[in-house]
$ cat work_33.txt   # compact mmCIF, C-alpha atoms
# COMPACT_ATOMS: atom_id res chain seq x y z
CA MET J 741 68.06 -105.36 12.85
CA PRO J 742 65.18 -104.49 15.23
CA ARG J 743 62.37 -102.66 13.50
CA TYR J 744 62.70 -99.59 15.73
CA GLN J 745 66.17 -98.95 14.25
CA LEU J 746 64.86 -98.65 10.72
CA CYS J 747 63.55 -95.09 11.11
CA ASP J 748 65.72 -91.94 11.20
CA ASP J 749 68.15 -92.02 14.13
CA PRO J 750 66.36 -90.15 16.93
CA CYS J 751 69.57 -89.70 18.92
CA ASN J 752 71.09 -87.75 16.02
CA LYS J 753 67.94 -85.66 15.88
CA ALA J 754 68.14 -85.12 19.64
CA ALA J 755 71.78 -84.08 19.32
CA THR J 756 70.77 -81.48 16.76
CA LEU J 757 68.06 -80.16 19.05
CA HIS J 758 70.52 -80.15 21.97
CA LEU J 759 72.98 -77.98 20.06
CA VAL J 760 70.21 -75.55 19.15
CA VAL J 761 68.53 -75.21 22.53
CA GLU J 762 71.87 -74.83 24.35
CA ARG J 763 72.49 -71.55 22.54
CA ALA J 764 72.53 -68.58 24.89
CA ASP J 765 70.07 -66.56 22.80
CA VAL J 766 67.32 -69.19 23.05
CA PRO J 767 64.62 -68.18 25.59
CA HIS J 768 64.69 -71.52 27.41
CA ASP J 769 61.96 -70.83 29.97
CA LEU J 770 59.63 -69.48 27.29
CA LEU J 771 60.33 -72.44 25.01
CA ARG J 772 59.52 -74.98 27.71
CA ASN J 773 56.42 -73.05 28.75
CA ARG J 774 55.18 -72.85 25.16
CA LEU J 775 55.84 -76.54 24.59
CA SER J 776 54.01 -77.38 27.81
CA LEU J 777 50.92 -75.81 26.23
CA THR J 778 51.43 -77.86 23.06
CA ALA J 779 51.82 -81.04 25.10
CA SER J 780 48.74 -80.21 27.16
CA GLU J 781 46.65 -79.67 24.04
CA ALA J 782 47.88 -82.99 22.65
CA CYS J 783 47.03 -84.79 25.90
CA VAL J 784 43.59 -83.20 26.07
CA ARG J 785 42.93 -84.32 22.50
CA LEU J 786 44.25 -87.80 23.31
CA LEU J 787 41.69 -88.04 26.11
CA GLY J 788 38.89 -87.02 23.75
CA ARG J 789 38.25 -83.62 25.30
CA PRO J 790 37.28 -80.57 23.19
CA GLU J 791 39.52 -77.91 24.77
CA ARG J 792 42.23 -76.32 22.66
CA ALA J 793 45.14 -73.96 23.40
CA GLY J 794 43.00 -70.88 24.02
CA ASP J 795 40.72 -72.79 26.37
CA LEU J 796 43.70 -74.12 28.30
CA ARG J 797 45.18 -70.66 28.69
CA ASP J 798 41.87 -69.34 29.97
CA ALA J 799 41.43 -72.27 32.35
CA VAL J 800 44.71 -71.43 34.08
CA HIS J 801 45.15 -67.68 33.72
CA LEU J 802 41.57 -66.69 34.56
CA MET J 803 41.50 -68.66 37.80
CA ARG J 804 40.89 -66.70 40.95
CA PRO J 805 42.51 -67.60 44.28
CA GLY J 806 40.89 -70.79 45.53
CA ASP J 807 39.49 -71.77 42.12
CA GLN J 808 40.03 -75.22 40.63
CA PRO J 809 41.12 -75.32 36.98
CA GLY J 810 38.90 -78.15 35.73
CA PRO J 811 40.19 -81.36 34.09
CA ALA J 812 41.79 -79.73 31.04
CA GLY J 813 43.30 -76.89 33.05
CA ALA J 814 44.67 -79.40 35.53
CA ILE J 815 46.53 -81.13 32.70
CA TYR J 816 48.02 -77.80 31.64
CA LEU J 817 49.14 -77.08 35.21
CA GLN J 818 50.76 -80.52 35.41
CA TRP J 819 52.80 -79.84 32.30
CA GLN J 820 53.70 -76.32 33.39
CA ARG J 821 54.99 -77.62 36.70
CA SER J 822 56.86 -80.50 35.10
CA VAL J 823 58.94 -78.18 32.88
CA ALA J 824 59.41 -75.32 35.33
CA ARG J 825 62.20 -76.75 37.49
CA PRO J 826 65.25 -78.96 36.87
CA ILE J 827 64.41 -82.65 36.75
CA SER J 828 64.25 -84.14 40.23
CA VAL J 829 62.00 -86.36 42.28
CA GLY J 830 60.64 -83.34 44.13
CA ALA J 831 59.94 -81.34 40.97
CA LEU J 832 58.06 -84.22 39.36
CA GLN J 833 56.07 -84.94 42.49
CA ARG J 834 55.00 -81.30 42.51
CA ALA J 835 53.57 -81.89 39.04
CA LEU J 836 52.28 -85.39 39.84
CA PRO J 837 51.12 -85.45 43.46
CA SER J 838 49.19 -88.70 42.96
CA ILE J 839 52.41 -90.72 42.70
CA SER J 840 54.86 -91.16 45.56
CA ALA J 841 58.41 -89.86 45.64
CA GLU J 842 59.66 -93.43 45.91
CA GLN J 843 57.79 -94.45 42.76
CA ILE J 844 59.12 -91.45 40.85
CA ALA J 845 62.68 -92.20 41.95
CA THR J 846 62.30 -95.80 40.79
CA LEU J 847 60.93 -94.72 37.41
CA LEU J 848 63.72 -92.20 36.84
CA ASP J 849 66.23 -95.03 37.31
CA ALA J 850 64.26 -97.63 35.36
CA GLY J 851 65.07 -99.16 32.01
CA GLN J 852 68.24 -99.92 30.12
CA GLY J 853 69.57 -99.00 26.73
CA GLY J 854 69.36 -95.71 24.89
CA PRO J 855 67.24 -92.69 25.86
CA VAL J 856 64.24 -93.63 23.72
CA MET J 857 64.26 -97.25 24.85
CA ARG J 858 64.37 -96.15 28.50
CA ALA J 859 61.51 -93.72 27.95
CA ALA J 860 59.44 -96.42 26.24
CA VAL J 861 60.06 -98.87 29.09
CA VAL J 862 58.97 -96.29 31.66
CA LEU J 863 55.92 -95.37 29.60
CA GLU J 864 54.87 -99.01 29.42
CA THR J 865 55.57 -99.54 33.13
CA VAL J 866 53.43 -96.60 34.25
CA LEU J 867 50.55 -97.51 31.95
CA ALA J 868 50.64 -101.11 33.17
CA THR J 869 50.02 -100.00 36.76
CA HIS J 870 48.03 -96.82 36.02
CA PRO J 871 46.20 -97.55 32.73
CA ARG J 872 44.06 -94.41 32.91
CA GLU J 873 46.91 -92.06 33.81
CA GLU J 874 48.13 -91.31 30.30
CA VAL J 875 49.22 -87.78 31.16
CA MET J 876 51.28 -88.93 34.12
CA ALA J 877 52.89 -91.65 32.00
CA LEU J 878 53.81 -89.18 29.26
CA ILE J 879 55.26 -86.64 31.69
CA VAL J 880 57.45 -89.25 33.35
CA ALA J 881 58.49 -90.68 29.97
CA ASP J 882 59.52 -87.26 28.69
CA ALA J 883 61.37 -86.65 31.96
CA VAL J 884 63.30 -89.91 31.58
CA LEU J 885 64.03 -89.08 27.94
CA ALA J 886 65.37 -85.63 28.85
CA GLN J 887 67.41 -86.97 31.74
CA SER J 888 68.90 -89.71 29.54
CA LEU J 889 69.87 -87.10 26.95
CA GLY J 890 71.68 -85.06 29.60
CA TRP J 891 69.17 -82.21 29.70
CA THR J 892 68.45 -80.44 32.98
CA HIS J 893 64.74 -79.84 32.34
CA VAL J 894 61.85 -81.73 30.82
CA LEU J 895 61.24 -80.78 27.21
CA PRO J 896 57.87 -82.17 26.06
CA LEU J 897 58.58 -84.21 22.95
CA LEU J 898 56.98 -87.66 23.08
CA ALA J 899 53.71 -86.34 24.50
CA VAL J 900 53.26 -83.95 21.61
CA VAL J 901 53.12 -86.72 19.00
CA LEU J 902 52.14 -90.06 20.56
CA LYS J 903 48.52 -91.07 19.95
CA SER J 904 46.17 -93.21 22.01
CA ARG J 905 46.77 -96.16 19.65
CA ASP J 906 50.51 -95.85 20.35
CA LEU J 907 49.93 -96.02 24.10
CA ARG J 908 48.21 -99.38 23.66
CA LYS J 909 51.37 -100.87 22.15
CA ARG J 910 53.91 -102.85 24.11
CA GLY J 911 57.53 -103.91 23.82
CA THR J 912 59.26 -103.34 20.49
CA ASP J 913 56.11 -101.86 18.94
CA LEU J 914 55.99 -99.14 21.61
CA GLN J 915 59.70 -98.48 21.21
CA LEU J 916 59.20 -98.04 17.47
CA ALA J 917 56.32 -95.64 18.11
CA CYS J 918 58.49 -93.62 20.51
CA HIS J 919 61.38 -93.49 18.03
CA LYS J 920 59.09 -92.21 15.29
CA ALA J 921 57.42 -89.77 17.67
CA LEU J 922 60.74 -88.28 18.74
CA VAL J 923 61.92 -87.79 15.16
CA SER J 924 58.62 -86.11 14.25
CA SER J 925 58.51 -83.99 17.39
CA ILE J 926 62.04 -82.67 17.03
CA GLY J 927 61.30 -81.77 13.42
CA ALA J 928 58.32 -79.72 14.63
CA THR J 929 60.18 -78.22 17.60
CA LEU J 930 63.18 -76.79 15.76
CA PRO J 931 61.10 -74.15 13.90
CA VAL J 932 59.45 -73.20 17.21
CA VAL J 933 62.89 -72.66 18.74
CA ALA J 934 63.92 -70.48 15.81
CA ASP J 935 60.70 -68.46 15.92
CA LEU J 936 60.80 -67.84 19.67
CA THR J 937 64.49 -66.94 19.54
CA ARG J 938 63.79 -64.35 16.87
CA ARG J 939 60.79 -62.94 18.75
CA ALA J 940 62.72 -62.83 22.03
CA ALA J 941 65.54 -60.88 20.37
CA HIS J 942 63.06 -58.33 19.05
CA LEU J 943 61.50 -57.98 22.50
CA ARG J 944 64.86 -57.48 24.21
CA ALA J 945 65.78 -54.86 21.61
CA VAL J 946 62.89 -52.56 22.55
CA ILE J 947 63.69 -52.42 26.27
CA PRO J 948 65.55 -49.07 25.91
CA LYS J 949 62.38 -47.59 24.39
CA LEU J 950 60.24 -48.47 27.42
CA ARG J 951 59.98 -45.72 30.00
CA ALA J 952 57.67 -47.36 32.53
CA LYS J 953 59.31 -48.20 35.83
CA GLY J 954 59.46 -51.97 36.09
CA ALA J 955 59.28 -52.46 32.32
CA GLY J 956 62.47 -54.53 32.33
CA ASP J 957 61.03 -56.91 34.91
CA ALA J 958 57.83 -57.15 32.88
CA VAL J 959 59.79 -58.04 29.75
CA ALA J 960 61.61 -60.74 31.72
CA LEU J 961 58.24 -62.27 32.57
CA PHE J 962 57.20 -62.27 28.92
CA LEU J 963 60.48 -64.01 28.10
CA SER J 964 59.60 -66.80 30.55
CA ASN J 965 55.86 -67.34 30.07
CA ASP J 966 53.66 -68.39 27.18
CA ALA J 967 50.91 -65.96 28.20
CA LEU J 968 50.30 -63.31 30.84
CA MET J 969 47.48 -61.13 32.01
CA PRO J 970 48.44 -57.49 32.60
CA THR J 971 47.67 -58.00 36.29
CA ALA J 972 50.57 -60.47 36.47
CA LEU J 973 53.09 -57.73 35.65
CA PRO J 974 54.97 -55.85 38.42
CA LEU J 975 53.19 -52.61 37.59
CA SER J 976 50.00 -50.84 38.52
CA ASP J 977 46.95 -52.05 36.59
CA ARG J 978 46.89 -48.95 34.41
CA ALA J 979 50.64 -48.99 33.76
CA ALA J 980 50.52 -52.71 32.95
CA ARG J 981 47.75 -52.25 30.39
CA ARG J 982 49.58 -49.33 28.80
CA LEU J 983 52.80 -51.33 28.63
CA CYS J 984 51.03 -54.27 26.97
CA ASP J 985 49.46 -51.93 24.42
CA ARG J 986 52.86 -50.37 23.78
CA LEU J 987 54.50 -53.76 23.25
CA VAL J 988 51.72 -54.75 20.85
CA ASP J 989 52.21 -51.48 18.93
CA LEU J 990 55.93 -52.21 18.72
CA GLY J 991 55.14 -55.64 17.27
CA VAL J 992 56.98 -57.62 19.94
CA VAL J 993 54.01 -58.96 21.92
CA ARG J 994 50.65 -60.28 20.71
CA GLU J 995 47.21 -60.15 22.27
CA LEU J 996 46.19 -63.80 22.24
CA THR J 997 42.43 -63.83 22.83
CA GLY J 998 40.81 -61.27 20.54
CA ARG J 999 38.72 -60.12 23.51
CA ASP J 1000 38.14 -56.60 24.79
CA THR J 1001 38.40 -57.78 28.39
CA PHE J 1002 40.33 -60.48 30.26
CA ARG J 1003 43.06 -60.23 27.67
CA LEU J 1004 46.17 -62.39 27.55
CA TYR J 1005 49.46 -61.34 26.00
CA GLY J 1006 52.44 -63.35 24.85
CA VAL J 1007 55.58 -63.23 22.73

$ encode --input "work_33.txt" --output "structure tokens"
Amino acid sequence: MPRYQLCDDPCNKAATLHLVVERADVPHDLLRNRLSLTASEACVRLLGRPERAGDLRDAVHLMRPGDQPGPAGAIYLQWQRSVARPISVGALQRALPSISAEQIATLLDAGQGGPVMRAAVVLETVLATHPREEVMALIVADAVLAQSLGWTHVLPLLAVVLKSRDLRKRGTDLQLACHKALVSSIGATLPVVADLTRRAAHLRAVIPKLRAKGAGDAVALFLSNDALMPTALPLSDRAARRLCDRLVDLGVVRELTGRDTFRLYGV
């Protein structure tokens, strides 16, 4: 028996995750957006950079029109874009403009065997031709994994767990690393799904208590995004700040920065 079959069956784990995330009460957009932050932090750490989740949020949300996000923020934007739309060549090229549509199409069709084996083959293929493009390789690998599992969107799983030493492996060793990573990642993701589902239900429940015009649209944004500045809400600046304070008082939204200014809020 190949060594990569000796660990827990990742396809069974993936089936469990599939059943959970397909539930109607799961905030799918929010889940993917939150996991894109987790994947970004893992990739930044893999590259030896010091930024963590709060730094990544700031790098993206505090940008002004025309600003560039910096290397760590750029990674976060790549992951955000990769999970935002259904898997397609165009959606992935939007996240990965340095690779051609033809190359992406070839990678999405590459590999044989089960979902994890296909993802491992694609990961190895990208790293062989782009050895310093670890983030790109991980995004495409997670896209191939999701597509092979029948999911419509990328769900960052491999990127959250794989380490730099894993990315240096090849063949069966890399497949084994991907199998183990998927089992570990799904185990960590299921509690996140449960937590966000519970928090989303609490947030939806307070909508009748909100009197501000546009509050329902604002809540919809919170149910789709990991973090938001009040200025991103469809309200006047004053009304947006008051709504955020109200949601914090109700215990359904958190202020994420601890700052008095340039605050970010999230479920």

$ atom_distance --input "work_33.txt" --atom1 "atom CA of Phe1002 of chain J" --atom2 "atom CA of Ala793 of chain J"
15.9 Å

$ atom_distance --input "work_33.txt" --atom1 "atom CA of Ala799 of chain J" --atom2 "atom CA of Leu968 of chain J"
12.7 Å

$ closest_residue --input "work_33.txt" --among "J:Val856, J:Ala967, J:Val992, J:Leu950" --to "Ser888 of chain J" --atoms "all atoms listed in the file"
J:Val856

$ residues_around --input "work_33.txt" --residues "segment 764-774 of chain J" --least-positions-apart "3" --cutoff "12 Å" --atoms "only C-alpha atoms" --output "ChimeraX atom specification"
/J:757-761,777-781,793,796-797,816-826,891-897,900,929-944,959-968,1006-1007

$ atom_distance --input "work_33.txt" --atom1 "atom CA of Pro974 of chain J" --atom2 "atom CA of Val993 of chain J"
16.8 Å

$ residues_near_point --input "work_33.txt" --point "(59.5, -53.3, 31.0)" --cutoff "12 Å" --atoms "only C-alpha atoms" --output "PyMOL selection string"
chain J and resi 943-963+970+973-975+979-984+986-987

$ closest_residue --input "work_33.txt" --among "J:Ser828, J:Ser904, J:Ser924, J:Ser838" --to "Gln887 of chain J" --atoms "all atoms listed in the file"
J:Ser828

$ residues_around --input "work_33.txt" --residues "Val861 of chain J" --least-positions-apart "5" --cutoff "8 Å" --atoms "only C-alpha atoms" --output "count of residues only"
4
